[in-house]
Amino acid sequence: MNLAGPRVAFFPDMFHEVDGVANTSRQFDAFARRWRLPFLNVHAGPENRTFTEGSVSTIELERRWPLVNFDKNHDFDVLLWRYYREVEAAVRNFRADIVHITGPTDVGLMGAMIAYRLQIPLAASWHTNVHQYAERRSMRFFTALPPSWGGNAGHLIRKSTFQIVAQLYQGARVLYAPNQELCELLHRTAGKPCFLMQRGVDTHLFDPAKRHRAGGPFTLGYVGRITPEKNVELLIELEKGLVAAGLKDFRIAVIGQGHSEPQLRENLHFGDFPGVLKGEALARAFANLDLFVFPSETDTFGNVVLEALASGVPTLVTNKGGPKFIGTPGETGYVAANIGEFVRRAGELMTQPELHNAMRNAARQHALAASWDAIFEGVYRGYDTALSCGGAANAA
């Protein structure tokens, strides 16, 4: 890799928050530091501050009232433009070769505008299916309508939101997405080259050796935001299905926070809610699971699925979205098309210890091959392609 460039101005949606986009952004920042790459990181933070460490310069912007709250700790500052002049000046002084945004948030929109005004090539990565989020969160407003009417309204919201967001991505010279299916969709929609930007995992932090349980009930677990777009209600149906199948020696650990937490607390009779965990506490919680259940149908990748595999925990995911591409079905876990399959596959692992142990070992081996450095080296190859040929290549 050319350590002298390109010079990247990075505008991530999230950085300090607890989710996959923020984790990827922190890892990208660490990659630039590790390889001494010229990197300007502009993101929201708890206070306004500017500092430089090694090759990486950081501008943190404090979000202030008025804020639109999408979820706990996920806000949109409608007046973030108050910082525009100083951020644009910083990007100009940094002499950025490319501006990279991660979505249509307050920070991302500012980055796109700066790229346009300074005539700097724009790279845009798609990390969150906001159109599917909009559909799921809007459905509560249509409960009084006939199901077909509500379904049609949801479809219209999803389609319209995608078209609006796609307009931003059409202005980019190069695109990134965490799975091939989404990459091909973006290429068809925006007509721009799209490169894979998958996720890596810290296999030193997430390690089966951190397991301290010896026996006890079989523990299924979920980690992430406890919100409607994550389809967490499926955990309630999964519990009912397991009990109906005569399986009662289990617990369901729900790690995280979000708007749907009260619903799960009320309806999960075998549930445990430790809240948000980070670092070593999260790594130990992963290692002490027996099966990781991720019901989301909207995730573009699913970092937590890879973290579970690194912890030696088989995974059970839906057949929609990016998580189905992580791991090897039948070896490191299962992909389920409906609640019946979720119940059946979970029951198999609960009652077949030899199969369960084989999957635990296979899960860890699969994760050991997932390197963050390899992921971001691919991102830089995308930059080089965009800068050398104007983004004409079809990377999708």
# chains A, B, ... in the order shown; residues from 1 in each chain; ligands from 1

call {"tool": "residues_around", "arguments": {"residues": "region 79-86 of chain A", "least_positions_apart": "5", "cutoff": "10 Å", "atoms": "only C-alpha atoms", "output": "PyMOL selection string"}}
result
chain A and resi 44+48+59+61-67+91-92+106-107+109-111+113-114

call {"tool": "write_last_selection", "arguments": {"atoms": "C-alpha atoms", "output": "CSV table (one decimal), in the first residue's frame"}}
result
chain,number,residue,atom,x,y,z
A,44,ALA,CA,-19.9,13.5,16.2
A,48,ASN,CA,-16.2,19.9,20.3
A,59,ILE,CA,-12.6,16.7,14.4
A,61,LEU,CA,-18.6,17.8,16.6
A,62,GLU,CA,-21.0,18.1,19.5
A,63,ARG,CA,-24.6,17.5,18.5
A,64,ARG,CA,-26.9,20.0,20.2
A,65,TRP,CA,-30.6,20.8,20.3
A,66,PRO,CA,-32.7,20.5,18.2
A,67,LEU,CA,-32.1,16.8,17.8
A,91,VAL,CA,-10.8,19.5,4.7
A,92,ARG,CA,-9.3,22.1,2.3
A,106,ASP,CA,-26.1,15.0,9.5
A,107,VAL,CA,-22.4,14.2,9.3
A,109,LEU,CA,-24.7,15.1,4.3
A,110,MET,CA,-22.1,17.7,5.4
A,111,GLY,CA,-19.3,15.5,4.0
A,113,MET,CA,-21.7,18.9,0.4
A,114,ILE,CA,-18.0,19.7,1.2

call {"tool": "select_by_dssp", "arguments": {"residues": "region 109-291 of chain A", "states": "alpha helix (DSSP H)", "output": "tab-separated table (two decimals) with C-alpha atoms, in the first residue's frame"}}
result
chain	number	residue	atom	x	y	z
A	109	LEU	CA	-24.66	15.12	4.31
A	110	MET	CA	-22.09	17.68	5.43
A	111	GLY	CA	-19.30	15.54	4.00
A	112	ALA	CA	-21.12	15.18	0.67
A	113	MET	CA	-21.66	18.94	0.44
A	114	ILE	CA	-18.00	19.66	1.19
A	115	ALA	CA	-16.91	17.17	-1.49
A	116	TYR	CA	-19.22	18.85	-3.99
A	117	ARG	CA	-18.13	22.40	-3.16
A	118	LEU	CA	-14.42	21.60	-3.13
A	130	VAL	CA	-32.67	2.94	6.17
A	131	HIS	CA	-35.52	2.24	3.73
A	132	GLN	CA	-36.34	-1.02	5.51
A	133	TYR	CA	-35.99	0.67	8.89
A	134	ALA	CA	-38.47	3.35	7.78
A	135	GLU	CA	-40.95	0.69	6.68
A	136	ARG	CA	-40.78	-1.29	9.92
A	137	ARG	CA	-41.01	1.72	12.19
A	138	SER	CA	-43.95	3.16	10.25
A	147	PRO	CA	-53.48	-5.79	6.46
A	148	SER	CA	-53.30	-5.32	2.68
A	149	TRP	CA	-53.58	-1.53	3.03
A	150	GLY	CA	-50.88	-1.43	5.71
A	151	GLY	CA	-48.65	-3.65	3.59
A	152	ASN	CA	-49.07	-1.41	0.57
A	153	ALA	CA	-48.32	1.69	2.63
A	154	GLY	CA	-45.20	0.07	4.05
A	155	HIS	CA	-44.04	-0.94	0.58
A	156	LEU	CA	-44.52	2.63	-0.67
A	157	ILE	CA	-42.53	4.04	2.26
A	158	ARG	CA	-39.70	1.55	1.69
A	159	LYS	CA	-39.55	2.25	-2.05
A	160	SER	CA	-39.73	6.03	-1.68
A	161	THR	CA	-37.10	6.12	1.06
A	162	PHE	CA	-34.72	4.02	-1.02
A	163	GLN	CA	-35.14	6.32	-4.02
A	164	ILE	CA	-34.44	9.39	-1.89
A	165	VAL	CA	-31.32	7.89	-0.30
A	166	ALA	CA	-30.11	6.58	-3.66
A	167	GLN	CA	-29.93	10.16	-4.92
A	168	LEU	CA	-27.07	10.82	-2.50
A	169	TYR	CA	-25.19	7.73	-3.69
A	170	GLN	CA	-25.55	8.70	-7.34
A	180	GLN	CA	-22.56	-8.74	-2.84
A	181	GLU	CA	-26.35	-8.70	-3.12
A	182	LEU	CA	-26.53	-5.08	-1.93
A	183	CYS	CA	-23.48	-4.11	-3.97
A	184	GLU	CA	-25.18	-5.27	-7.16
A	185	LEU	CA	-28.38	-3.39	-6.25
A	186	LEU	CA	-26.45	-0.16	-5.67
A	187	HIS	CA	-24.55	-0.55	-8.92
A	188	ARG	CA	-27.79	-1.04	-10.87
A	189	THR	CA	-29.49	1.88	-9.13
A	190	ALA	CA	-26.69	4.46	-9.05
A	234	LEU	CA	-39.14	-13.24	16.92
A	235	LEU	CA	-37.37	-14.07	20.18
A	236	ILE	CA	-40.78	-14.22	21.87
A	237	GLU	CA	-42.09	-16.65	19.26
A	238	LEU	CA	-38.89	-18.69	19.49
A	239	GLU	CA	-39.34	-19.09	23.23
A	240	LYS	CA	-42.94	-20.19	22.77
A	241	GLY	CA	-41.92	-22.69	20.10
A	242	LEU	CA	-39.17	-24.25	22.22
A	243	VAL	CA	-41.50	-24.61	25.21
A	244	ALA	CA	-44.17	-26.17	22.98
A	261	GLU	CA	-37.07	-3.75	25.39
A	262	PRO	CA	-40.26	-3.31	27.52
A	263	GLN	CA	-42.15	-5.62	25.15
A	264	LEU	CA	-39.50	-8.32	25.46
A	265	ARG	CA	-39.23	-7.97	29.22
A	266	GLU	CA	-42.98	-8.46	29.52
A	267	ASN	CA	-43.24	-11.45	27.20
A	279	GLY	CA	-15.17	-4.63	25.76
A	280	GLU	CA	-14.22	-7.52	27.99
A	281	ALA	CA	-17.70	-7.73	29.54
A	282	LEU	CA	-19.23	-8.18	26.09
A	283	ALA	CA	-16.56	-10.69	25.06
A	284	ARG	CA	-17.27	-12.80	28.16
A	285	ALA	CA	-21.01	-12.62	27.52
A	286	PHE	CA	-20.53	-13.85	23.95
A	287	ALA	CA	-18.26	-16.70	25.05

call {"tool": "residues_around", "arguments": {"residues": "Arg173 (chain A)", "least_positions_apart": "6", "cutoff": "12 Å", "atoms": "only C-alpha atoms", "output": "ChimeraX atom specification"}}
result
/A:98-101,112,115-116,119-125,187,190-195,382-395

call {"tool": "select_by_dssp", "arguments": {"residues": "region 88-315 of chain A", "states": "strand (DSSP E)", "output": "PyMOL selection string"}}
result
chain A and resi 98-101+122-125+174-177+194-196+218-223+250-255+271-275+291-294+315

call {"tool": "residues_around", "arguments": {"residues": "region 333-344 of chain A", "least_positions_apart": "4", "cutoff": "7 Å", "atoms": "only C-alpha atoms", "output": "NGL selection string"}}
result
:A and (238 or 241-242 or 314-319 or 324 or 328-329 or 348 or 359)

call {"tool": "write_last_selection", "arguments": {"atoms": "C-alpha atoms", "output": "PDB file, in the first residue's frame"}}
result
ATOM      1  CA  LEU A 238     -38.892 -18.691  19.488  1.00  0.00           C
ATOM      2  CA  GLY A 241     -41.919 -22.693  20.104  1.00  0.00           C
ATOM      3  CA  LEU A 242     -39.174 -24.248  22.216  1.00  0.00           C
ATOM      4  CA  PRO A 314     -22.855 -21.161  16.393  1.00  0.00           C
ATOM      5  CA  THR A 315     -25.252 -18.666  14.818  1.00  0.00           C
ATOM      6  CA  LEU A 316     -28.890 -18.835  13.742  1.00  0.00           C
ATOM      7  CA  VAL A 317     -29.906 -16.046  11.338  1.00  0.00           C
ATOM      8  CA  THR A 318     -32.676 -15.197   8.886  1.00  0.00           C
ATOM      9  CA  ASN A 319     -32.497 -15.754   5.135  1.00  0.00           C
ATOM     10  CA  LYS A 324     -26.900 -15.032   5.780  1.00  0.00           C
ATOM     11  CA  THR A 328     -21.154 -21.645   6.392  1.00  0.00           C
ATOM     12  CA  PRO A 329     -24.723 -22.956   6.839  1.00  0.00           C
ATOM     13  CA  GLU A 348     -31.322 -29.607  17.247  1.00  0.00           C
ATOM     14  CA  MET A 359     -20.212 -26.220  15.198  1.00  0.00           C
TER      15      MET A 359
END

call {"tool": "closest_residue", "arguments": {"among": "A:Val18, A:Leu220, A:Ala177, A:Val201", "to": "Asn303 (chain A)", "atoms": "only C-alpha atoms"}}
result
A:Val201

call {"tool": "closest_residue", "arguments": {"among": "A:Val174, A:Leu368, A:Leu37, A:Ala30", "to": "Met197 (chain A)", "atoms": "only C-alpha atoms"}}
result
A:Val174

call {"tool": "atom_distance", "arguments": {"atom1": "CA of Ala363 (chain A)", "atom2": "CA of Ser296 (chain A)"}}
result
19.8 Å

call {"tool": "residues_around", "arguments": {"residues": "Thr24 (chain A)", "least_positions_apart": "4", "cutoff": "10 Å", "atoms": "only C-alpha atoms", "output": "list in words"}}
result
Pro12, Met14, Phe15, Asp19, Gly20, Phe28, Asp29, Ala30, His127, Met197, Gln198, Arg199, Gly200, Val201, Asn303, Trp372 and Phe376 of chain A

call {"tool": "atom_distance", "arguments": {"atom1": "CA of Asp299 (chain A)", "atom2": "CA of Lys320 (chain A)"}}
result
8.5 Å
